[in-house]
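Text of data19.cif, listed as mmCIF, C-alpha atoms; chains and numbers go by the auth columns:
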data_input
loop_
_atom_site.group_PDB
_atom_site.id
_atom_site.type_symbol
_atom_site.label_atom_id
_atom_site.label_comp_id
_atom_site.label_asym_id
_atom_site.label_seq_id
_atom_site.Cartn_x
_atom_site.Cartn_y
_atom_site.Cartn_z
_atom_site.B_iso_or_equiv
_atom_site.auth_seq_id
_atom_site.auth_asym_id
ATOM 1 C CA MET A 1 135.443 -50.606 -61.263 0.00 1 A
ATOM 2 C CA ALA A 2 135.317 -52.866 -58.214 0.00 2 A
ATOM 3 C CA ASN A 3 136.154 -49.908 -55.971 0.00 3 A
ATOM 4 C CA ARG A 4 133.242 -47.907 -57.402 0.00 4 A
ATOM 5 C CA ASP A 5 130.818 -50.760 -56.804 0.00 5 A
ATOM 6 C CA ALA A 6 132.080 -51.188 -53.250 0.00 6 A
ATOM 7 C CA LEU A 7 131.706 -47.455 -52.621 0.00 7 A
ATOM 8 C CA ARG A 8 128.143 -47.459 -53.996 0.00 8 A
ATOM 9 C CA ALA A 9 127.246 -50.464 -51.857 0.00 9 A
ATOM 10 C CA PHE A 10 128.714 -48.762 -48.787 0.00 10 A
ATOM 11 C CA GLN A 11 126.791 -45.549 -49.496 0.00 11 A
ATOM 12 C CA SER A 12 123.594 -47.505 -49.987 0.00 12 A
ATOM 13 C CA ARG A 13 124.026 -49.348 -46.667 0.00 13 A
ATOM 14 C CA LEU A 14 124.844 -46.101 -44.883 0.00 14 A
ATOM 15 C CA ALA A 15 121.783 -44.345 -46.345 0.00 15 A
ATOM 16 C CA SER A 16 119.491 -47.192 -45.294 0.00 16 A
ATOM 17 C CA ARG A 17 120.934 -47.214 -41.761 0.00 17 A
ATOM 18 C CA LEU A 18 120.469 -43.443 -41.438 0.00 18 A
ATOM 19 C CA GLN A 19 116.876 -43.752 -42.643 0.00 19 A
ATOM 20 C CA ALA A 20 116.227 -46.562 -40.145 0.00 20 A
ATOM 21 C CA ALA A 21 117.666 -44.438 -37.341 0.00 21 A
ATOM 22 C CA ARG A 22 115.347 -41.555 -38.272 0.00 22 A
ATOM 23 C CA THR A 23 112.231 -43.714 -38.315 0.00 23 A
ATOM 24 C CA THR A 24 112.922 -45.800 -35.211 0.00 24 A
ATOM 25 C CA GLY A 25 114.489 -43.034 -33.146 0.00 25 A
ATOM 26 C CA VAL A 26 117.588 -43.287 -31.034 0.00 26 A
ATOM 27 C CA ALA A 27 117.120 -44.547 -27.489 0.00 27 A
ATOM 28 C CA ALA A 28 119.046 -42.955 -24.663 0.00 28 A
ATOM 29 C CA SER A 29 121.699 -45.205 -23.269 0.00 29 A
ATOM 30 C CA TRP A 30 123.901 -45.052 -20.252 0.00 30 A
ATOM 31 C CA LEU A 31 126.827 -46.713 -18.565 0.00 31 A
ATOM 32 C CA ALA A 32 125.517 -47.873 -15.185 0.00 32 A
ATOM 33 C CA VAL A 33 127.969 -47.751 -12.269 0.00 33 A
ATOM 34 C CA GLU A 34 127.900 -48.122 -8.518 0.00 34 A
ATOM 35 C CA ALA A 35 129.920 -45.901 -6.212 0.00 35 A
ATOM 36 C CA GLY A 36 129.546 -46.149 -2.461 0.00 36 A
ATOM 37 C CA GLU A 37 125.833 -46.417 -1.695 0.00 37 A
ATOM 38 C CA GLY A 38 124.830 -44.704 -4.942 0.00 38 A
ATOM 39 C CA LYS A 39 123.861 -46.023 -8.342 0.00 39 A
ATOM 40 C CA TYR A 40 124.656 -43.733 -11.254 0.00 40 A
ATOM 41 C CA LEU A 41 124.025 -43.491 -14.987 0.00 41 A
ATOM 42 C CA PHE A 42 126.617 -41.832 -17.232 0.00 42 A
ATOM 43 C CA PRO A 43 125.443 -40.890 -20.742 0.00 43 A
ATOM 44 C CA LEU A 44 127.546 -42.865 -23.204 0.00 44 A
ATOM 45 C CA ALA A 45 128.255 -39.694 -25.191 0.00 45 A
ATOM 46 C CA HIS A 46 129.908 -38.136 -22.117 0.00 46 A
ATOM 47 C CA ALA A 47 131.816 -41.154 -20.818 0.00 47 A
ATOM 48 C CA GLY A 48 135.222 -41.981 -22.175 0.00 48 A
ATOM 49 C CA GLU A 49 137.516 -44.928 -21.780 0.00 49 A
ATOM 50 C CA ILE A 50 137.217 -47.274 -18.803 0.00 50 A
ATOM 51 C CA PHE A 51 140.444 -48.198 -17.030 0.00 51 A
ATOM 52 C CA PRO A 52 141.229 -50.799 -14.374 0.00 52 A
ATOM 53 C CA TRP A 53 142.116 -49.460 -10.939 0.00 53 A
ATOM 54 C CA THR A 54 145.433 -47.639 -11.045 0.00 54 A
ATOM 55 C CA PRO A 55 146.638 -46.155 -7.737 0.00 55 A
ATOM 56 C CA PRO A 56 146.923 -42.396 -8.237 0.00 56 A
ATOM 57 C CA GLN A 57 149.842 -40.320 -7.049 0.00 57 A
ATOM 58 C CA PRO A 58 148.523 -38.225 -4.130 0.00 58 A
ATOM 59 C CA VAL A 59 148.527 -34.453 -4.465 0.00 59 A
ATOM 60 C CA PRO A 60 148.893 -32.441 -1.236 0.00 60 A
ATOM 61 C CA TYR A 61 146.437 -29.767 -0.123 0.00 61 A
ATOM 62 C CA THR A 62 143.507 -30.982 -2.178 0.00 62 A
ATOM 63 C CA GLU A 63 139.906 -31.844 -1.344 0.00 63 A
ATOM 64 C CA PRO A 64 139.422 -35.290 0.254 0.00 64 A
ATOM 65 C CA TRP A 65 137.486 -36.518 -2.782 0.00 65 A
ATOM 66 C CA PHE A 66 140.410 -35.742 -5.112 0.00 66 A
ATOM 67 C CA LEU A 67 142.583 -38.850 -4.888 0.00 67 A
ATOM 68 C CA GLY A 68 145.477 -37.575 -6.991 0.00 68 A
ATOM 69 C CA VAL A 69 146.728 -37.992 -10.542 0.00 69 A
ATOM 70 C CA ALA A 70 147.255 -41.168 -12.525 0.00 70 A
ATOM 71 C CA ASN A 71 148.969 -42.035 -15.775 0.00 71 A
ATOM 72 C CA LEU A 72 146.267 -43.684 -17.866 0.00 72 A
ATOM 73 C CA ARG A 73 147.471 -44.887 -21.241 0.00 73 A
ATOM 74 C CA GLY A 74 150.068 -42.133 -21.437 0.00 74 A
ATOM 75 C CA GLY A 75 147.761 -39.300 -20.331 0.00 75 A
ATOM 76 C CA LEU A 76 147.781 -37.568 -16.950 0.00 76 A
ATOM 77 C CA TYR A 77 144.309 -37.667 -15.344 0.00 77 A
ATOM 78 C CA GLY A 78 142.958 -36.287 -12.101 0.00 78 A
ATOM 79 C CA VAL A 79 141.156 -39.029 -10.153 0.00 79 A
ATOM 80 C CA VAL A 80 137.960 -38.141 -8.277 0.00 80 A
ATOM 81 C CA GLN A 81 136.239 -40.531 -5.890 0.00 81 A
ATOM 82 C CA LEU A 82 132.655 -40.200 -7.119 0.00 82 A
ATOM 83 C CA SER A 83 131.001 -41.450 -3.939 0.00 83 A
ATOM 84 C CA ALA A 84 132.838 -38.891 -1.783 0.00 84 A
ATOM 85 C CA PHE A 85 132.234 -36.000 -4.194 0.00 85 A
ATOM 86 C CA ALA A 86 128.526 -36.793 -4.623 0.00 86 A
ATOM 87 C CA SER A 87 127.859 -37.191 -0.906 0.00 87 A
ATOM 88 C CA GLY A 88 130.043 -34.306 0.223 0.00 88 A
ATOM 89 C CA ALA A 89 131.497 -36.616 2.875 0.00 89 A
ATOM 90 C CA PRO A 90 135.200 -37.291 3.271 0.00 90 A
ATOM 91 C CA GLY A 91 136.538 -40.047 1.072 0.00 91 A
ATOM 92 C CA ALA A 92 136.222 -43.595 2.231 0.00 92 A
ATOM 93 C CA PRO A 93 139.307 -45.134 3.764 0.00 93 A
ATOM 94 C CA ALA A 94 141.662 -46.724 1.299 0.00 94 A
ATOM 95 C CA ALA A 95 140.233 -50.028 0.171 0.00 95 A
ATOM 96 C CA THR A 96 142.311 -53.153 0.119 0.00 96 A
ATOM 97 C CA GLU A 97 143.693 -54.295 -3.199 0.00 97 A
ATOM 98 C CA ALA A 98 141.244 -57.217 -3.113 0.00 98 A
ATOM 99 C CA ALA A 99 138.343 -54.770 -2.836 0.00 99 A
ATOM 100 C CA ARG A 100 139.743 -52.679 -5.706 0.00 100 A
ATOM 101 C CA ILE A 101 139.512 -55.595 -8.176 0.00 101 A
ATOM 102 C CA GLN A 102 136.042 -54.471 -9.289 0.00 102 A
ATOM 103 C CA SER A 103 136.853 -50.746 -9.090 0.00 103 A
ATOM 104 C CA ARG A 104 137.221 -48.868 -12.342 0.00 104 A
ATOM 105 C CA LEU A 105 138.266 -45.424 -13.466 0.00 105 A
ATOM 106 C CA VAL A 106 135.799 -43.953 -15.950 0.00 106 A
ATOM 107 C CA ALA A 107 137.384 -41.126 -17.905 0.00 107 A
ATOM 108 C CA PHE A 108 135.416 -38.196 -19.245 0.00 108 A
ATOM 109 C CA ASN A 109 134.987 -38.138 -23.011 0.00 109 A
ATOM 110 C CA GLU A 110 137.894 -36.244 -24.551 0.00 110 A
ATOM 111 C CA LEU A 111 135.413 -33.877 -26.238 0.00 111 A
ATOM 112 C CA LEU A 112 134.640 -32.449 -22.769 0.00 112 A
ATOM 113 C CA GLU A 113 138.286 -31.337 -22.556 0.00 113 A
ATOM 114 C CA VAL A 114 138.749 -32.377 -18.933 0.00 114 A
ATOM 115 C CA ASN A 115 141.480 -34.884 -18.098 0.00 115 A
ATOM 116 C CA CYS A 116 139.604 -36.490 -15.271 0.00 116 A
ATOM 117 C CA ALA A 117 138.529 -39.996 -14.316 0.00 117 A
ATOM 118 C CA LEU A 118 135.876 -40.938 -11.776 0.00 118 A
ATOM 119 C CA LEU A 119 136.579 -43.813 -9.407 0.00 119 A
ATOM 120 C CA VAL A 120 133.580 -46.141 -9.265 0.00 120 A
ATOM 121 C CA ASP A 121 133.283 -49.277 -7.167 0.00 121 A
ATOM 122 C CA ARG A 122 131.679 -51.432 -9.811 0.00 122 A
ATOM 123 C CA LEU A 123 130.447 -51.339 -13.392 0.00 123 A
ATOM 124 C CA ALA A 124 126.825 -52.469 -13.681 0.00 124 A
ATOM 125 C CA GLY A 125 126.590 -52.655 -17.474 0.00 125 A
ATOM 126 C CA LEU A 126 124.738 -50.675 -20.098 0.00 126 A
ATOM 127 C CA ARG A 127 121.176 -49.466 -19.657 0.00 127 A
ATOM 128 C CA GLY A 128 118.595 -48.108 -22.054 0.00 128 A
ATOM 129 C CA ALA A 129 115.392 -46.230 -21.301 0.00 129 A
ATOM 130 C CA GLU A 130 113.448 -49.491 -21.528 0.00 130 A
ATOM 131 C CA ALA A 131 115.246 -50.775 -18.400 0.00 131 A
ATOM 132 C CA PHE A 132 113.407 -48.287 -16.201 0.00 132 A
ATOM 133 C CA THR A 133 109.803 -48.064 -15.066 0.00 133 A
ATOM 134 C CA ALA A 134 109.788 -44.447 -13.863 0.00 134 A
ATOM 135 C CA ALA A 135 111.748 -41.226 -14.221 0.00 135 A
ATOM 136 C CA ASP A 136 111.634 -38.173 -11.982 0.00 136 A
ATOM 137 C CA ALA A 137 113.031 -34.778 -12.943 0.00 137 A
ATOM 138 C CA PRO A 138 115.724 -33.391 -10.643 0.00 138 A
ATOM 139 C CA GLY A 139 114.418 -31.286 -7.784 0.00 139 A
ATOM 140 C CA ALA A 140 115.124 -27.592 -7.386 0.00 140 A
ATOM 141 C CA GLU A 141 117.732 -28.328 -4.696 0.00 141 A
ATOM 142 C CA ALA A 142 119.568 -30.934 -6.809 0.00 142 A
ATOM 143 C CA PRO A 143 123.060 -30.089 -8.056 0.00 143 A
ATOM 144 C CA ALA A 144 123.223 -28.768 -11.632 0.00 144 A
ATOM 145 C CA TRP A 145 124.960 -31.957 -12.779 0.00 145 A
ATOM 146 C CA HIS A 146 122.101 -34.218 -11.672 0.00 146 A
ATOM 147 C CA GLY A 147 119.858 -35.476 -14.420 0.00 147 A
ATOM 148 C CA HIS A 148 116.703 -37.518 -14.001 0.00 148 A
ATOM 149 C CA LEU A 149 116.308 -40.073 -11.241 0.00 149 A
ATOM 150 C CA TYR A 150 115.284 -43.403 -12.765 0.00 150 A
ATOM 151 C CA THR A 151 113.670 -46.401 -11.078 0.00 151 A
ATOM 152 C CA ASP A 152 114.207 -49.891 -12.478 0.00 152 A
ATOM 153 C CA ALA A 153 111.862 -52.897 -12.267 0.00 153 A
ATOM 154 C CA ALA A 154 113.530 -54.063 -9.028 0.00 154 A
ATOM 155 C CA GLY A 155 112.809 -50.708 -7.368 0.00 155 A
ATOM 156 C CA GLU A 156 116.446 -49.581 -7.436 0.00 156 A
ATOM 157 C CA ARG A 157 116.951 -45.853 -8.011 0.00 157 A
ATOM 158 C CA TRP A 158 119.592 -44.672 -10.477 0.00 158 A
ATOM 159 C CA GLN A 159 120.834 -41.073 -10.612 0.00 159 A
ATOM 160 C CA GLU A 160 121.702 -39.791 -14.066 0.00 160 A
ATOM 161 C CA VAL A 161 124.934 -37.756 -14.013 0.00 161 A
ATOM 162 C CA ASN A 162 125.459 -35.122 -16.682 0.00 162 A
ATOM 163 C CA LEU A 163 129.241 -35.390 -17.002 0.00 163 A
ATOM 164 C CA GLN A 164 129.386 -32.309 -19.211 0.00 164 A
ATOM 165 C CA ALA A 165 127.669 -30.180 -16.566 0.00 165 A
ATOM 166 C CA LEU A 166 129.799 -31.779 -13.836 0.00 166 A
ATOM 167 C CA SER A 167 132.986 -30.939 -15.722 0.00 167 A
ATOM 168 C CA GLN A 168 132.017 -27.255 -15.667 0.00 168 A
ATOM 169 C CA GLN A 169 131.029 -26.958 -11.987 0.00 169 A
ATOM 170 C CA PRO A 170 133.292 -24.611 -10.004 0.00 170 A
ATOM 171 C CA GLN A 171 133.194 -26.984 -7.006 0.00 171 A
ATOM 172 C CA PHE A 172 134.398 -29.853 -9.200 0.00 172 A
ATOM 173 C CA LEU A 173 137.118 -27.782 -10.822 0.00 173 A
ATOM 174 C CA SER A 174 138.387 -26.336 -7.510 0.00 174 A
ATOM 175 C CA ILE A 175 140.350 -29.217 -6.030 0.00 175 A
ATOM 176 C CA GLY A 176 142.371 -27.103 -3.594 0.00 176 A
ATOM 177 C CA ALA A 177 141.465 -27.614 0.063 0.00 177 A
#

Using the file provided, produce a representation of the structure as structure tokens.
Amino acid sequence: MANRDALRAFQSRLASRLQAARTTGVAASWLAVEAGEGKYLFPLAHAGEIFPWTPPQPVPYTEPWFLGVANLRGGLYGVVQLSAFASGAPGAPAATEAARIQSRLVAFNELLEVNCALLVDRLAGLRGAEAFTAADAPGAEAPAWHGHLYTDAAGERWQEVNLQALSQQPQFLSIGA
């Protein structure tokens, strides 16, 4: 009897939360990161687990932005230096261990079926649409994985990154130099 009452109470709470979500709407939310000179927004639905800096094992004959592979919680992940990939410039020189303290590896959500983690210099927290004062659609020349370009109250510009689109780009998938 107690189990039935608990189940009914749970179902009632769930129904009221679903109704509240329908009426208030769901706000977009992102993981804000900094990589090199850029500021990026990863949709929370596309981002996976966040790992502390783990030096990857280098892989020969790969693009400069592909740092190698790393064992992250028992899984083998390719590590991409986001700042180098986004800019098209060669990767930055290896940072000192002291500089890597704030660095993180942001894995793609496992639903995207890509064992990859992006090296970012710093996590900047979570952001919702209310944190920004303006949004510009990507230009015609922007890469397919670029989303909107948002401006916050301080005038900083944040590039939304569609990790799902990025994970399907031939340039991103072709790591061979």

Output of the PyMOL selection byres ((chain A and resi 155) around 12), listed as a list in words: Ala131, Phe132, Thr133, Ala134, Ala135, Leu149, Tyr150, Thr151, Asp152, Ala153, Ala154, Glu156, Arg157 and Trp158 of chain A

Which residues, named as in the file, does the PyMOL selection byres ((chain A and resi 32) around 10) pick out? Answer as an mmCIF file with C-alpha atoms, in the frame of the given file.
data_model
loop_
_atom_site.group_PDB
_atom_site.id
_atom_site.type_symbol
_atom_site.label_atom_id
_atom_site.label_comp_id
_atom_site.auth_asym_id
_atom_site.auth_seq_id
_atom_site.Cartn_x
_atom_site.Cartn_y
_atom_site.Cartn_z
ATOM 1 C CA SER A 29 121.699 -45.205 -23.269
ATOM 2 C CA TRP A 30 123.901 -45.052 -20.252
ATOM 3 C CA LEU A 31 126.827 -46.713 -18.565
ATOM 4 C CA VAL A 33 127.969 -47.751 -12.269
ATOM 5 C CA GLU A 34 127.900 -48.122 -8.518
ATOM 6 C CA LYS A 39 123.861 -46.023 -8.342
ATOM 7 C CA TYR A 40 124.656 -43.733 -11.254
ATOM 8 C CA LEU A 41 124.025 -43.491 -14.987
ATOM 9 C CA PHE A 42 126.617 -41.832 -17.232
ATOM 10 C CA PRO A 43 125.443 -40.890 -20.742
ATOM 11 C CA LEU A 44 127.546 -42.865 -23.204
ATOM 12 C CA ARG A 122 131.679 -51.432 -9.811
ATOM 13 C CA LEU A 123 130.447 -51.339 -13.392
ATOM 14 C CA ALA A 124 126.825 -52.469 -13.681
ATOM 15 C CA GLY A 125 126.590 -52.655 -17.474
ATOM 16 C CA LEU A 126 124.738 -50.675 -20.098
ATOM 17 C CA ARG A 127 121.176 -49.466 -19.657
ATOM 18 C CA GLY A 128 118.595 -48.108 -22.054
ATOM 19 C CA TRP A 158 119.592 -44.672 -10.477
ATOM 20 C CA GLN A 159 120.834 -41.073 -10.612
ATOM 21 C CA GLU A 160 121.702 -39.791 -14.066
#

Gly36 in chain A surroundings by all atoms listed in the file, 10 Å radius, close-in-sequence under 5 positions cut, as a PyMOL selection string: chain A and resi 81-84+86-87+91-92+120-122

Please save C-alpha atoms of the selected residues as a PDB file, in the coordinates of the input.
ATOM      1  CA  GLN A  81     136.239 -40.531  -5.890  1.00  0.00           C
ATOM      2  CA  LEU A  82     132.655 -40.200  -7.119  1.00  0.00           C
ATOM      3  CA  SER A  83     131.001 -41.450  -3.939  1.00  0.00           C
ATOM      4  CA  ALA A  84     132.838 -38.891  -1.783  1.00  0.00           C
ATOM      5  CA  ALA A  86     128.526 -36.793  -4.623  1.00  0.00           C
ATOM      6  CA  SER A  87     127.859 -37.191  -0.906  1.00  0.00           C
ATOM      7  CA  GLY A  91     136.538 -40.047   1.072  1.00  0.00           C
ATOM      8  CA  ALA A  92     136.222 -43.595   2.231  1.00  0.00           C
ATOM      9  CA  VAL A 120     133.580 -46.141  -9.265  1.00  0.00           C
ATOM     10  CA  ASP A 121     133.283 -49.277  -7.167  1.00  0.00           C
ATOM     11  CA  ARG A 122     131.679 -51.432  -9.811  1.00  0.00           C
TER      12      ARG A 122
END

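Minimum distance to Val79 in chain A across A:Glu141, A:Glu130, A:Glu37, A:Glu63 (counting all atoms listed in the file) occurs at A:Glu63.
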
Go ahead and fit an axis-aligned box to every listed atom of range 29-40 of chain A plus 6 Å each side, and pass me the centre and edge lengths in Å, one decimal, as AutoDock Vina command-line options.
--center_x 125.8 --center_y -45.9 --center_z -12.5 --size_x 20.2 --size_y 16.4 --size_z 33.6

Interatomic distance, CA of Gly139 in chain A to CA of Ala177 in chain A (Å, one decimal):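 A separation of 28.4 Å between them.
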
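We find CA of Asn109 in chain A and CA of Asn71 in chain A to be spaced 16.2 Å apart.
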
Nearest candidate to Gly38 in chain A (options A:Ala144, A:Phe85, A:Gln171, A:Leu112; using all atoms listed in the file):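 With all atoms listed in the file as the atom set, the closest residue is A:Phe85.
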
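Candidate residues A:Ala129, A:Leu111, A:Leu67, A:Val161 were compared for distance to Pro143 in chain A, and the nearest is A:Val161, using all atoms listed in the file.
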
Pick from A:Ala142, A:Ile175, A:Cys116, A:Ala137, whichever lies nearest to His46 in chain A using all atoms listed in the file: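 Answer, going by the shortest atom-to-atom distance: A:Cys116.
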
Residue with smallest distance to Gly176 in chain A - pool A:Pro56, A:Gly68, A:Gly48, A:Gly88, counting all atoms listed in the file: A:Gly68

A:Pro55, A:Pro64, A:Gly147, A:Pro138 ranked by distance to Leu166 in chain A, top pick (using only C-alpha atoms):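 Closest residue, counting only C-alpha atoms: A:Gly147.
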
Straight-line distance linking CA of His148 in chain A with CA of Ala165 in chain A, stated in Å to one decimal: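 Straight-line distance from CA of His148 in chain A to CA of Ala165 in chain A works out to 13.4 Å.
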
Evaluate the PyMOL selection byres ((chain A and resi 110) around 12) and report residues as number ranges by chain: A: 45-49, 75, 77, 106-109, 111-117, 163-164, 167
